[in-house]
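What follows is the content of data33.txt, which has compact mmCIF, C-alpha atoms:
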# COMPACT_ATOMS: atom_id res chain seq x y z
CA MET A 1 129.92 75.03 75.58
CA ILE A 2 131.23 71.79 74.06
CA GLY A 3 130.69 68.44 75.75
CA TYR A 4 133.36 65.80 75.20
CA TYR A 5 132.70 62.14 75.98
CA VAL A 6 135.88 60.13 76.68
CA HIS A 7 135.76 56.34 76.57
CA HIS A 8 137.59 54.62 79.41
CA GLN A 9 139.36 51.87 77.45
CA GLY A 10 142.99 52.54 76.56
CA SER A 11 144.76 55.86 76.94
CA GLY A 12 144.38 57.35 73.47
CA HIS A 13 140.91 58.86 73.94
CA LEU A 14 141.94 60.82 77.02
CA ALA A 15 145.23 61.89 75.43
CA ARG A 16 143.33 63.22 72.43
CA LEU A 17 141.07 65.35 74.64
CA THR A 18 143.91 66.87 76.65
CA ASN A 19 145.84 67.70 73.49
CA LEU A 20 142.77 69.28 71.91
CA ALA A 21 141.74 71.24 75.00
CA ARG A 22 144.95 73.28 74.92
CA HIS A 23 143.82 74.82 71.64
CA LEU A 24 140.03 75.09 72.04
CA ARG A 25 138.61 78.59 72.47
CA SER A 26 135.22 77.20 73.50
CA PRO A 27 134.72 76.04 77.10
CA VAL A 28 134.75 72.26 77.21
CA THR A 29 133.30 69.80 79.73
CA ALA A 30 134.54 66.22 79.79
CA LEU A 31 132.29 63.27 80.64
CA SER A 32 134.05 60.01 81.43
CA SER A 33 134.53 57.07 83.77
CA LEU A 34 138.21 57.97 83.87
CA ASP A 35 139.62 60.26 86.53
CA ALA A 36 140.35 63.82 85.46
CA PRO A 37 144.05 64.45 84.71
CA SER A 38 145.84 66.42 87.42
CA ASP A 39 146.25 69.42 85.13
CA TRP A 40 142.65 69.49 83.87
CA ARG A 41 141.13 72.95 84.37
CA GLY A 42 137.62 72.49 83.02
CA GLU A 43 134.54 70.75 84.38
CA TRP A 44 134.75 66.97 84.63
CA VAL A 45 131.56 64.90 84.92
CA PRO A 46 132.24 61.42 86.38
CA LEU A 47 130.29 58.57 84.83
CA ALA A 48 129.45 55.16 86.28
CA ARG A 49 131.20 52.21 84.69
CA ASP A 50 129.09 50.21 82.26
CA ASP A 51 131.25 47.08 82.52
CA ASP A 52 131.59 46.64 86.30
CA PRO A 53 130.17 44.24 87.22
CA PRO A 54 130.37 42.48 83.87
CA PRO A 55 126.98 42.11 82.18
CA GLY A 56 125.30 38.73 82.46
CA SER A 57 124.98 36.24 79.65
CA ASN A 58 121.41 37.35 78.89
CA ALA A 59 122.22 41.08 78.73
CA ASP A 60 121.92 41.30 74.92
CA ILE A 61 124.86 43.71 74.88
CA GLU A 62 124.63 44.40 71.14
CA ALA A 63 120.84 44.82 71.00
CA HIS A 64 120.37 42.06 68.43
CA GLY A 65 123.42 43.23 66.47
CA ARG A 66 122.37 46.88 66.12
CA LEU A 67 124.55 48.44 68.86
CA HIS A 68 127.95 47.76 70.42
CA TRP A 69 127.45 48.06 74.19
CA ALA A 70 123.98 48.50 75.65
CA PRO A 71 123.59 45.76 78.29
CA LEU A 72 120.09 45.11 79.57
CA ARG A 73 119.32 45.73 83.25
CA HIS A 74 122.82 46.98 84.05
CA GLY A 75 122.76 49.61 86.77
CA GLY A 76 126.05 51.21 85.78
CA TYR A 77 125.05 51.56 82.14
CA THR A 78 121.67 53.05 83.06
CA ALA A 79 123.26 55.50 85.51
CA ARG A 80 125.89 56.47 82.96
CA MET A 81 123.36 57.34 80.26
CA ALA A 82 121.14 59.15 82.77
CA THR A 83 124.05 61.33 83.89
CA ILE A 84 124.86 62.28 80.31
CA SER A 85 121.19 63.05 79.60
CA ALA A 86 120.87 65.20 82.71
CA TRP A 87 124.04 67.13 81.88
CA ILE A 88 122.85 67.82 78.33
CA ALA A 89 119.41 68.94 79.57
CA THR A 90 120.97 71.29 82.13
CA HIS A 91 123.83 72.78 80.10
CA ARG A 92 122.44 72.56 76.54
CA PRO A 93 125.84 72.23 74.83
CA ARG A 94 126.26 73.64 71.34
CA LEU A 95 128.14 70.50 70.32
CA MET A 96 128.91 67.03 71.66
CA VAL A 97 132.16 65.32 70.72
CA VAL A 98 132.09 61.54 71.20
CA ASP A 99 135.38 59.63 71.48
CA VAL A 100 134.08 56.95 71.15
CA SER A 101 130.66 55.33 71.64
CA VAL A 102 127.86 54.54 69.24
CA GLU A 103 125.37 54.64 72.10
CA VAL A 104 126.44 58.05 73.41
CA THR A 105 126.40 59.37 69.84
CA LEU A 106 122.79 58.26 69.40
CA LEU A 107 121.78 59.52 72.85
CA ALA A 108 123.13 63.02 72.25
CA ARG A 109 121.68 63.23 68.76
CA THR A 110 118.22 62.09 69.87
CA LEU A 111 118.38 64.77 72.57
CA GLY A 112 118.82 67.32 69.80
CA VAL A 113 122.54 68.06 70.10
CA PRO A 114 124.83 68.09 67.02
CA VAL A 115 127.46 65.37 67.41
CA VAL A 116 131.02 65.11 66.13
CA VAL A 117 132.25 61.54 66.17
CA VAL A 118 135.98 60.91 66.49
CA ALA A 119 136.48 58.42 63.69
CA MET A 120 138.49 55.24 63.92
CA ARG A 121 140.25 53.37 61.17
CA GLY A 122 139.37 49.85 60.12
CA GLU A 123 136.17 48.08 59.14
CA ARG A 124 133.28 50.35 60.19
CA ALA A 125 130.53 49.07 57.91
CA ASP A 126 128.71 47.17 60.69
CA PRO A 127 125.16 48.41 61.45
CA ALA A 128 126.13 50.22 64.67
CA HIS A 129 129.05 52.17 63.22
CA GLU A 130 127.10 52.93 60.06
CA LEU A 131 124.26 54.45 62.07
CA ALA A 132 126.56 56.51 64.30
CA TYR A 133 128.65 57.84 61.42
CA ASP A 134 125.51 58.62 59.42
CA VAL A 135 123.82 60.68 62.15
CA ALA A 136 126.99 62.60 63.06
CA GLN A 137 127.24 66.24 62.08
CA ALA A 138 130.89 65.66 61.25
CA LEU A 139 133.59 63.01 61.56
CA LEU A 140 136.93 64.01 63.06
CA ALA A 141 139.71 61.88 61.54
CA PRO A 142 143.06 62.21 63.36
CA TRP A 143 145.03 61.23 60.28
CA PRO A 144 145.84 63.14 57.07
CA ALA A 145 143.59 63.19 54.02
CA GLU A 146 146.53 61.72 52.09
CA PHE A 147 145.97 58.55 54.12
CA ALA A 148 142.15 58.55 54.01
CA GLU A 149 140.29 55.32 54.61
CA PRO A 150 139.91 53.77 51.15
CA HIS A 151 136.55 52.04 51.66
CA TRP A 152 134.49 54.81 53.27
CA PRO A 153 131.33 55.85 51.41
CA GLU A 154 131.26 59.32 49.89
CA ARG A 155 128.65 60.53 52.40
CA TRP A 156 131.20 60.03 55.21
CA ILE A 157 134.13 61.50 53.31
CA ALA A 158 132.06 64.62 52.55
CA LYS A 159 131.71 65.47 56.25
CA THR A 160 135.13 64.32 57.46
CA VAL A 161 137.68 66.75 58.87
CA HIS A 162 141.10 65.19 58.31
CA THR A 163 143.25 66.89 60.93
CA GLY A 164 146.39 64.82 60.69
CA ALA A 165 147.72 63.00 63.74
CA PHE A 166 148.46 64.90 66.93
CA SER A 167 150.07 64.09 70.27
CA ARG A 168 151.44 65.55 73.49
CA PHE A 169 154.91 65.57 71.91
CA ASP A 170 154.04 67.83 69.01
CA ALA A 171 156.08 70.81 70.23
CA PRO A 172 158.90 71.42 70.33
CA ARG A 173 160.13 68.92 67.77
CA VAL A 174 163.37 67.05 68.28
CA GLY A 175 166.03 66.71 65.61
CA PRO A 176 167.10 63.69 63.58
CA ALA A 177 167.73 60.34 65.23
CA PRO A 178 170.91 60.53 67.30
CA ALA A 179 174.06 58.80 66.16
CA ALA A 180 174.90 55.53 67.85
CA THR A 181 177.55 55.60 70.55
CA GLY A 182 179.66 52.65 71.58
CA THR A 183 179.11 49.23 70.10
CA GLN A 184 175.32 49.08 70.52
CA ARG A 185 172.50 51.13 69.07
CA SER A 186 169.32 51.73 71.06
CA VAL A 187 165.82 50.51 70.23
CA THR A 188 162.75 51.13 72.36
CA CYS A 189 159.80 48.75 72.16
CA LEU A 190 156.61 50.60 73.07
CA LEU A 191 153.59 48.44 73.93
CA GLY A 192 150.02 49.60 74.51
CA GLY A 193 147.58 49.20 77.37
CA GLY A 194 145.15 47.24 75.22
CA GLY A 195 147.27 44.09 75.24
CA ALA A 196 149.83 42.59 72.88
CA ASP A 197 150.05 39.18 71.23
CA LEU A 198 153.79 38.91 71.79
CA PRO A 199 155.55 35.65 70.93
CA ALA A 200 156.75 33.60 73.88
CA ARG A 201 159.98 34.89 75.46
CA PHE A 202 159.85 37.89 73.15
CA ALA A 203 162.28 40.15 75.01
CA PRO A 204 165.16 37.68 75.46
CA SER A 205 164.67 36.24 71.98
CA VAL A 206 164.90 39.54 70.10
CA ALA A 207 167.77 40.72 72.29
CA ALA A 208 169.72 37.55 71.49
CA ALA A 209 168.96 37.89 67.77
CA THR A 210 170.18 41.51 67.63
CA PRO A 211 173.42 41.71 69.66
CA ASP A 212 174.29 45.08 68.12
CA TRP A 213 171.18 46.64 69.59
CA ARG A 214 170.27 47.54 73.16
CA TRP A 215 166.53 47.02 73.75
CA THR A 216 164.32 48.88 76.22
CA PHE A 217 160.77 47.59 76.73
CA CYS A 218 157.98 49.71 78.17
CA GLY A 219 154.21 49.72 78.32
CA GLY A 220 151.92 46.70 78.46
CA ASP A 221 153.14 44.01 80.82
CA PHE A 222 156.58 45.67 80.98
CA GLY A 223 155.17 48.68 82.83
CA PRO A 224 156.04 52.36 82.40
CA SER A 225 159.49 53.58 81.49
CA ALA A 226 161.77 54.77 84.29
CA ILE A 227 162.88 57.53 81.91
CA PRO A 228 160.28 60.10 80.73
CA LEU A 229 158.83 58.56 77.59
CA ARG A 230 159.54 61.54 75.37
CA ASP A 231 163.21 61.48 76.37
CA LEU A 232 163.43 57.72 75.92
CA LEU A 233 161.92 57.78 72.43
CA ALA A 234 163.93 60.81 71.36
CA ALA A 235 167.17 59.04 72.31
CA SER A 236 166.33 55.86 70.35
CA GLN A 237 167.81 55.07 66.96
CA VAL A 238 164.66 53.01 66.26
CA VAL A 239 161.28 52.73 67.97
CA VAL A 240 159.22 49.54 67.73
CA THR A 241 155.61 50.38 68.47
CA HIS A 242 152.11 49.02 68.28
CA ALA A 243 149.80 50.77 65.81
CA GLY A 244 147.49 52.57 68.22
CA GLN A 245 146.65 56.09 67.05
CA ASN A 246 148.23 57.82 70.04
CA ALA A 247 151.49 55.85 70.01
CA VAL A 248 151.95 56.29 66.26
CA ALA A 249 151.26 60.03 66.58
CA GLU A 250 153.91 60.37 69.29
CA VAL A 251 156.55 58.50 67.33
CA ALA A 252 155.65 60.59 64.30
CA ALA A 253 155.98 63.85 66.26
CA LEU A 254 159.49 62.88 67.30
CA ARG A 255 160.38 61.77 63.76
CA ARG A 256 161.78 58.43 64.96
CA PRO A 257 162.71 55.69 62.52
CA ALA A 258 160.19 53.00 63.40
CA VAL A 259 158.87 49.50 63.02
CA VAL A 260 155.08 49.63 63.52
CA VAL A 261 153.38 46.32 64.37
CA ALA A 262 149.61 45.85 64.24
CA GLN A 263 147.96 44.35 67.32
CA PRO A 264 144.63 42.50 67.12
CA ARG A 265 141.87 45.02 67.79
CA PRO A 266 138.14 45.17 67.07
CA HIS A 267 137.34 46.15 63.50
CA ASP A 268 141.01 45.68 62.48
CA GLU A 269 141.81 49.25 63.50
CA GLN A 270 145.56 48.77 63.87
CA LEU A 271 145.78 46.62 60.77
CA ALA A 272 144.27 49.47 58.76
CA THR A 273 146.82 51.88 60.21
CA VAL A 274 149.86 49.78 59.31
CA ARG A 275 148.52 49.26 55.80
CA ALA A 276 148.14 53.02 55.36
CA LEU A 277 151.68 53.60 56.65
CA ALA A 278 153.03 50.88 54.37
CA ALA A 279 151.25 52.29 51.33
CA GLY A 280 152.80 55.68 52.02
CA ASP A 281 156.26 54.24 52.77
CA VAL A 282 156.33 56.22 56.01
CA ALA A 283 157.75 53.51 58.28
CA VAL A 284 158.58 49.82 58.33
CA THR A 285 155.38 47.92 59.13
CA CYS A 286 154.34 44.42 60.14
CA GLU A 287 150.85 42.95 60.32
CA ARG A 288 151.88 40.61 63.15
CA TRP A 289 154.86 40.20 65.45
CA PRO A 290 157.83 38.93 63.43
CA ALA A 291 160.02 36.01 64.45
CA ALA A 292 163.17 36.85 66.41
CA ASN A 293 165.50 36.17 63.46
CA ASP A 294 163.62 38.75 61.34
CA TRP A 295 164.58 41.65 63.59
CA PRO A 296 168.11 42.40 62.34
CA ALA A 297 166.78 43.12 58.84
CA LEU A 298 163.75 45.03 60.15
CA LEU A 299 165.87 47.34 62.29
CA ALA A 300 168.26 47.92 59.41
CA ARG A 301 165.33 48.82 57.14
CA ALA A 302 164.00 51.25 59.74
CA VAL A 303 167.36 53.02 59.93
CA ALA A 304 167.51 53.22 56.14
CA THR A 305 163.94 54.54 55.92
CA GLY A 306 164.65 57.21 58.52
CA GLY A 307 162.02 59.34 60.23
CA THR A 308 161.56 62.38 58.00
CA SER A 309 158.48 60.98 56.22
CA TRP A 310 156.56 61.13 59.49
CA SER A 311 155.94 64.81 58.72
CA ARG A 312 153.30 63.64 56.25
CA TRP A 313 151.45 61.84 59.05
CA ASN A 314 151.89 64.42 61.80
CA ASP A 315 152.81 67.95 60.74
CA LEU A 316 152.57 69.13 64.38
CA GLN A 317 149.43 71.20 63.64
CA GLY A 318 146.77 68.50 63.98
CA ALA A 319 145.47 69.46 67.43
CA ARG A 320 145.14 73.11 66.45
CA ARG A 321 143.39 72.10 63.23
CA ALA A 322 140.96 69.87 65.13
CA ALA A 323 140.25 72.57 67.74
CA ASP A 324 139.54 75.14 65.04
CA ALA A 325 137.08 72.75 63.40
CA LEU A 326 135.26 72.06 66.70
CA ASP A 327 135.14 75.77 67.61
CA GLY A 328 133.62 76.47 64.21
CA LEU A 329 131.03 73.71 64.43
CA GLY A 330 130.15 74.73 67.99
CA SER A 331 129.39 78.27 66.86
CA LEU A 332 126.84 77.27 64.21
Let me see the structure of the file written as C-alpha cells.
Amino acid sequence: MIGYYVHHQGSGHLARLTNLARHLRSPVTALSSLDAPSDWRGEWVPLARDDDPPPGSNADIEAHGRLHWAPLRHGGYTARMATISAWIATHRPRLMVVDVSVEVTLLARTLGVPVVVVAMRGERADPAHELAYDVAQALLAPWPAEFAEPHWPERWIAKTVHTGAFSRFDAPRVGPAPAATGTQRSVTCLLGGGGADLPARFAPSVAAATPDWRWTFCGGDFGPSAIPLRDLLAASQVVVTHAGQNAVAEVAALRRPAVVVAQPRPHDEQLATVRALAAGDVAVTCERWPAANDWPALLARAVATGGTSWSRWNDLQGARRAADALDGLGSL
C-alpha cells in the first residue's frame, strides 16, 4: 500500500497523481482536501482544509521560520493532521508520497513511514525545505536529469529520481504543428489557476500587435476552453503558457512550438523552469510578461524554434518511470 498526499492548491499535484496511478502496480490511497476525480478507482481519504477559515494574525504559521504552514490553534489543520496520522496507524503504508507539504513529510517520517517527496524547482534552501528534503527516502523530480537543478547539494542529487516530465497528454502523441490556413495563424494562451501578473488590457493589446495571428485565451480569469484543451493546443501553431510543471509537460507532450512565461511563485519555481528551458534551447522563454509590441518577434522565434526539442523534456515515459520507482521503493 502506498499513501499519496495531494496538496489542494493548483491543479498540478492532482494531475500528477492521476497520471501516475495509471501505471502503479501497488495499491494507492490518496489523501487530500480536493474532491476525488470522477474516474478515481482507489480509496480517497478526505482531509479538512487548513486554510479555511484563514489563520489569525497570531497563528505563527511558519513556526518561527522552521516550517511553511502549521498554524496554531487551527481546527482544520489539527483535524487534517489527525486524519493522516490515524490512516497511517490503521493501514501501515509501505511508502508515503507527499506532493507537496513539509509538514506532512515530517509527520509521516516521524510515524516511521519512508517518505518520497515530489520535488519542486526553484530556491529550496530555506530551513523547512532543507529539513523535508533531508529526511526524505527519495526525491521524485518530474523533469529530466539533463535539466537538473544546478544548486542542489550532492546529498539531494544522490537520492533523486529524475523521471522527466509527464502529463495526461503523453499518449498518443500528435504530429508536427499544423500548417496555417487562411490569412491568420493560431496561438493559444494558456494561463494557470495560481494567478497571472498580466499587463493591463493584455488580450486586446497583443491581438492588435499581432494582426496575422488569431489568439485564444483560456485558464485563469479567462476560464476553461470551450474546445477540449488537448484538441485546442494540438491545433495551435504556437502555445503561450505559464511555466507551471503540469502546463509545460502538456505542451511538451504535444510538441507545440511555445513561448513559456514565468509567473511569480513562491521560491521562484517558475523562474527556475524557464531558465532551464532557455539553457537547453527547448522553447522561447520570458521571465516576465513581454510588452505587446514584443509579441510579433516572439511568435516568429517560436515558429522557428519548432517543437521537436520538447522530446528532451518529456519523452512520454515519465509517468511509467515514476511509477516503477515508487513500486520499487514501496517493496523495500
Margin query: Can you pull out the residues contacting A:Ala249? Cut-off 10 Å, using all atoms listed in the file, and skip same-chain residues under 2 positions away; I want them as a VMD selection string.
Written below: chain A and resid 142 to 143 164 to 170 243 to 247 251 to 255 310 313 to 316 318
Next item on the list: May I ask for the distance between atom CA of A:Cys189 and atom CA of A:Ala15, given in Å to one decimal place?
Entry: 19.9 Å
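Nearest to A:Ser311 of all the residues A:Val118, A:Glu146, A:Pro224, A:Asp51 is A:Glu146, based on only C-alpha atoms.
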Next item on the list: Record the distance separating atom CA of A:His151 and atom CA of A:Ala325, expressed in Å with one decimal.
Entry: 23.8 Å
Checklist line | Distance in Å - atom CA of A:Pro199 versus atom CA of A:Ala291 | finding: 7.9 Å
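For the choices A:Phe217, A:Phe147, A:Trp152, A:Tyr133, the atom-to-atom distance to A:Arg312 is smallest for A:Phe147 when using all atoms listed in the file.
Nearest to A:Gly122 of all the residues A:Trp156, A:Ala323, A:Val282, A:Glu149 is A:Glu149, counting all atoms listed in the file.
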